[in-house]
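Worksheet: one structure, shown below.
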Amino acid sequence: MPCEIDVLLSDDAGIHAINLDMRGVDRPTDVLSFPMFSLTPGQLPEDVEAMVDPDTGLVPLGDMVISLDRAMSQAEEFGHGIKRELGYLVVHSVLHLLGYDHLDEGPMKQQMRRREEEIMARLLLKR
């Protein structure tokens, strides 16, 4: 099913303000994800047709905000390029929009990390 995601590229100050306003967290971060729906990882919803925006024909998955400041500093910190870092942040955020999470150190986080690595390898953006 074709989907759409609203993406905002920001700086640390902008993402800090959004993080504080939307999540009550008083600091910048690298990426924020705001899902439109509560989805189960790896499962297509039974009512997916009802999720389609009639004006666009697309399923709106939600919003993504990326701090370019943070992406650049993390690329340098981790010793890889900005393309790889931005690719990772986009993949990470899309997985959140699709219902994946990493709230604990258990199976949910392992499932998300596995999917991140699979997708990054397919995009030729491995570590």
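Chain labels run A, B, ... following the order of the structure tokens; each chain numbers its residues from 1, and ligands are numbered from 1 in the order shown.
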
Ser73 (chain A) environment, 12 Å, only C-alpha atoms, sequence neighbours closer than 4 positions dropped, as JSON, numbers by chain
{"A": [11, 12, 29, 30, 67, 68, 69, 77, 78, 79, 80, 81, 82, 85, 86]}

Using only C-alpha atoms, please write the residues we just selected to a file, as a short mmCIF file (atom, residue, chain, number, x, y, z; two decimals), in the first residue's frame.
```cif
data_model
loop_
_atom_site.label_atom_id
_atom_site.label_comp_id
_atom_site.auth_asym_id
_atom_site.auth_seq_id
_atom_site.Cartn_x
_atom_site.Cartn_y
_atom_site.Cartn_z
CA ASP A 11 18.49 22.03 13.71
CA ASP A 12 19.11 21.16 17.37
CA THR A 29 17.57 14.56 20.00
CA ASP A 30 18.51 13.14 16.62
CA SER A 67 18.06 17.29 13.46
CA LEU A 68 20.70 17.89 10.79
CA ASP A 69 22.99 19.29 13.52
CA GLU A 77 31.35 10.65 16.21
CA PHE A 78 30.63 7.22 14.70
CA GLY A 79 33.18 7.62 11.89
CA HIS A 80 30.89 7.35 8.89
CA GLY A 81 29.39 9.80 6.41
CA ILE A 82 26.30 11.95 6.69
CA GLU A 85 23.72 8.61 9.37
CA LEU A 86 20.72 10.23 7.70
#
```

Within 9 Å of Gly87 (chain A), counting only C-alpha atoms, which residues show up once you throw out same-chain ones fewer than 5 positions away? Write them as JSON, numbers by chain, please.
{"A": [82, 92, 120, 123, 125]}

Since we have the selection now, will you write its residues out, keeping N, CA and C atoms, as a CSV table (one decimal), in the first residue's frame?
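Now in part_34.csv:
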```csv
chain,number,residue,atom,x,y,z
A,82,ILE,N,27.6,11.4,6.4
A,82,ILE,CA,26.3,12.0,6.7
A,82,ILE,C,25.2,11.1,6.0
A,92,HIS,N,15.2,4.2,11.0
A,92,HIS,CA,14.8,4.1,12.4
A,92,HIS,C,13.4,4.8,12.6
A,120,MET,N,19.2,-1.4,6.3
A,120,MET,CA,20.4,-0.7,6.0
A,120,MET,C,21.3,-1.5,5.0
A,123,LEU,N,20.0,-1.2,1.6
A,123,LEU,CA,20.3,0.2,1.0
A,123,LEU,C,21.8,0.4,0.8
A,125,LEU,N,24.0,0.6,3.1
A,125,LEU,CA,24.5,1.6,4.1
A,125,LEU,C,24.9,0.9,5.4
```

Hey, what's within 12 Å of region 100-105 of chain A if we count only C-alpha atoms and toss same-chain stuff fewer than 2 positions away? As number ranges by chain, please?
A: 33, 35, 38-43, 91-98, 107-116

Interatomic distance between CA of Asp6 (chain A) and CA of Asp63 (chain A)?
4.7 Å

Could you please determine the separation between CA of Thr56 (chain A) and CA of Phe37 (chain A) in Å, to one decimal place?
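Atom-to-atom, CA of Thr56 (chain A) to CA of Phe37 (chain A), that is 17.2 Å.
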
Run DSSP on the backbone and tell me which residues of region 41-81 of chain A come out as strand (DSSP E); list them as a tab-separated table (two decimals) with N, CA, C and O atoms, in the first residue's frame.
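Printed below is out_32.tsv as written:
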```tsv
chain	number	residue	atom	x	y	z
A	59	VAL	N	-1.60	6.17	2.37
A	59	VAL	CA	-1.79	6.00	3.81
A	59	VAL	C	-0.81	6.93	4.51
A	59	VAL	O	0.40	6.78	4.35
A	60	PRO	N	-1.30	7.91	5.27
A	60	PRO	CA	-0.40	8.82	5.98
A	60	PRO	C	0.15	8.14	7.24
A	60	PRO	O	-0.57	7.93	8.21
A	61	LEU	N	1.43	7.77	7.21
A	61	LEU	CA	2.01	7.05	8.35
A	61	LEU	C	2.29	7.95	9.55
A	61	LEU	O	2.28	7.50	10.67
A	62	GLY	N	2.57	9.23	9.30
A	62	GLY	CA	2.85	10.15	10.40
A	62	GLY	C	3.93	11.15	10.04
A	62	GLY	O	4.17	11.42	8.86
A	63	ASP	N	4.57	11.67	11.08
A	63	ASP	CA	5.56	12.73	10.92
A	63	ASP	C	6.92	12.29	11.45
A	63	ASP	O	7.01	11.56	12.44
A	64	MET	N	7.96	12.80	10.80
A	64	MET	CA	9.33	12.54	11.18
A	64	MET	C	10.05	13.89	11.26
A	64	MET	O	9.87	14.73	10.38
A	65	VAL	N	10.84	14.08	12.32
A	65	VAL	CA	11.66	15.29	12.46
A	65	VAL	C	13.10	14.83	12.67
A	65	VAL	O	13.37	14.00	13.55
A	66	ILE	N	14.01	15.35	11.86
A	66	ILE	CA	15.43	14.99	11.97
A	66	ILE	C	16.24	16.25	12.22
A	66	ILE	O	16.08	17.25	11.52
A	67	SER	N	17.13	16.20	13.21
A	67	SER	CA	18.06	17.29	13.46
A	67	SER	C	19.30	17.09	12.59
A	67	SER	O	20.07	16.13	12.80
```

Separating CA of Gly57 (chain A) from CA of Leu44 (chain A), to the nearest tenth of an Å, is a gap of 16.8 Å

Residue neighbourhood Met1 (chain A), 9 Å, only C-alpha atoms, exclusion window fewer than 6 positions, as a list in words:
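Listed by chain and then number, they are Val48, Glu49, Val52, Leu58 and Val59 of chain A.
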
Please produce a file of the residues just selected, as a compact mmCIF listing (two decimals), in the first residue's frame, where the atoms kept are N, CA and C atoms.
```txt
# COMPACT_ATOMS: atom_id res chain seq x y z
N VAL A 48 -6.81 -1.54 6.48
CA VAL A 48 -5.87 -0.64 5.81
C VAL A 48 -6.57 0.26 4.79
N GLU A 49 -7.59 -0.24 4.14
CA GLU A 49 -8.31 0.59 3.15
C GLU A 49 -8.94 1.81 3.80
N VAL A 52 -6.58 4.97 4.13
CA VAL A 52 -6.17 5.71 2.94
C VAL A 52 -6.80 7.10 2.93
N LEU A 58 -3.04 7.77 -0.55
CA LEU A 58 -1.91 7.27 0.23
C LEU A 58 -2.31 7.07 1.69
N VAL A 59 -1.60 6.17 2.37
CA VAL A 59 -1.79 6.00 3.81
C VAL A 59 -0.81 6.93 4.51
```
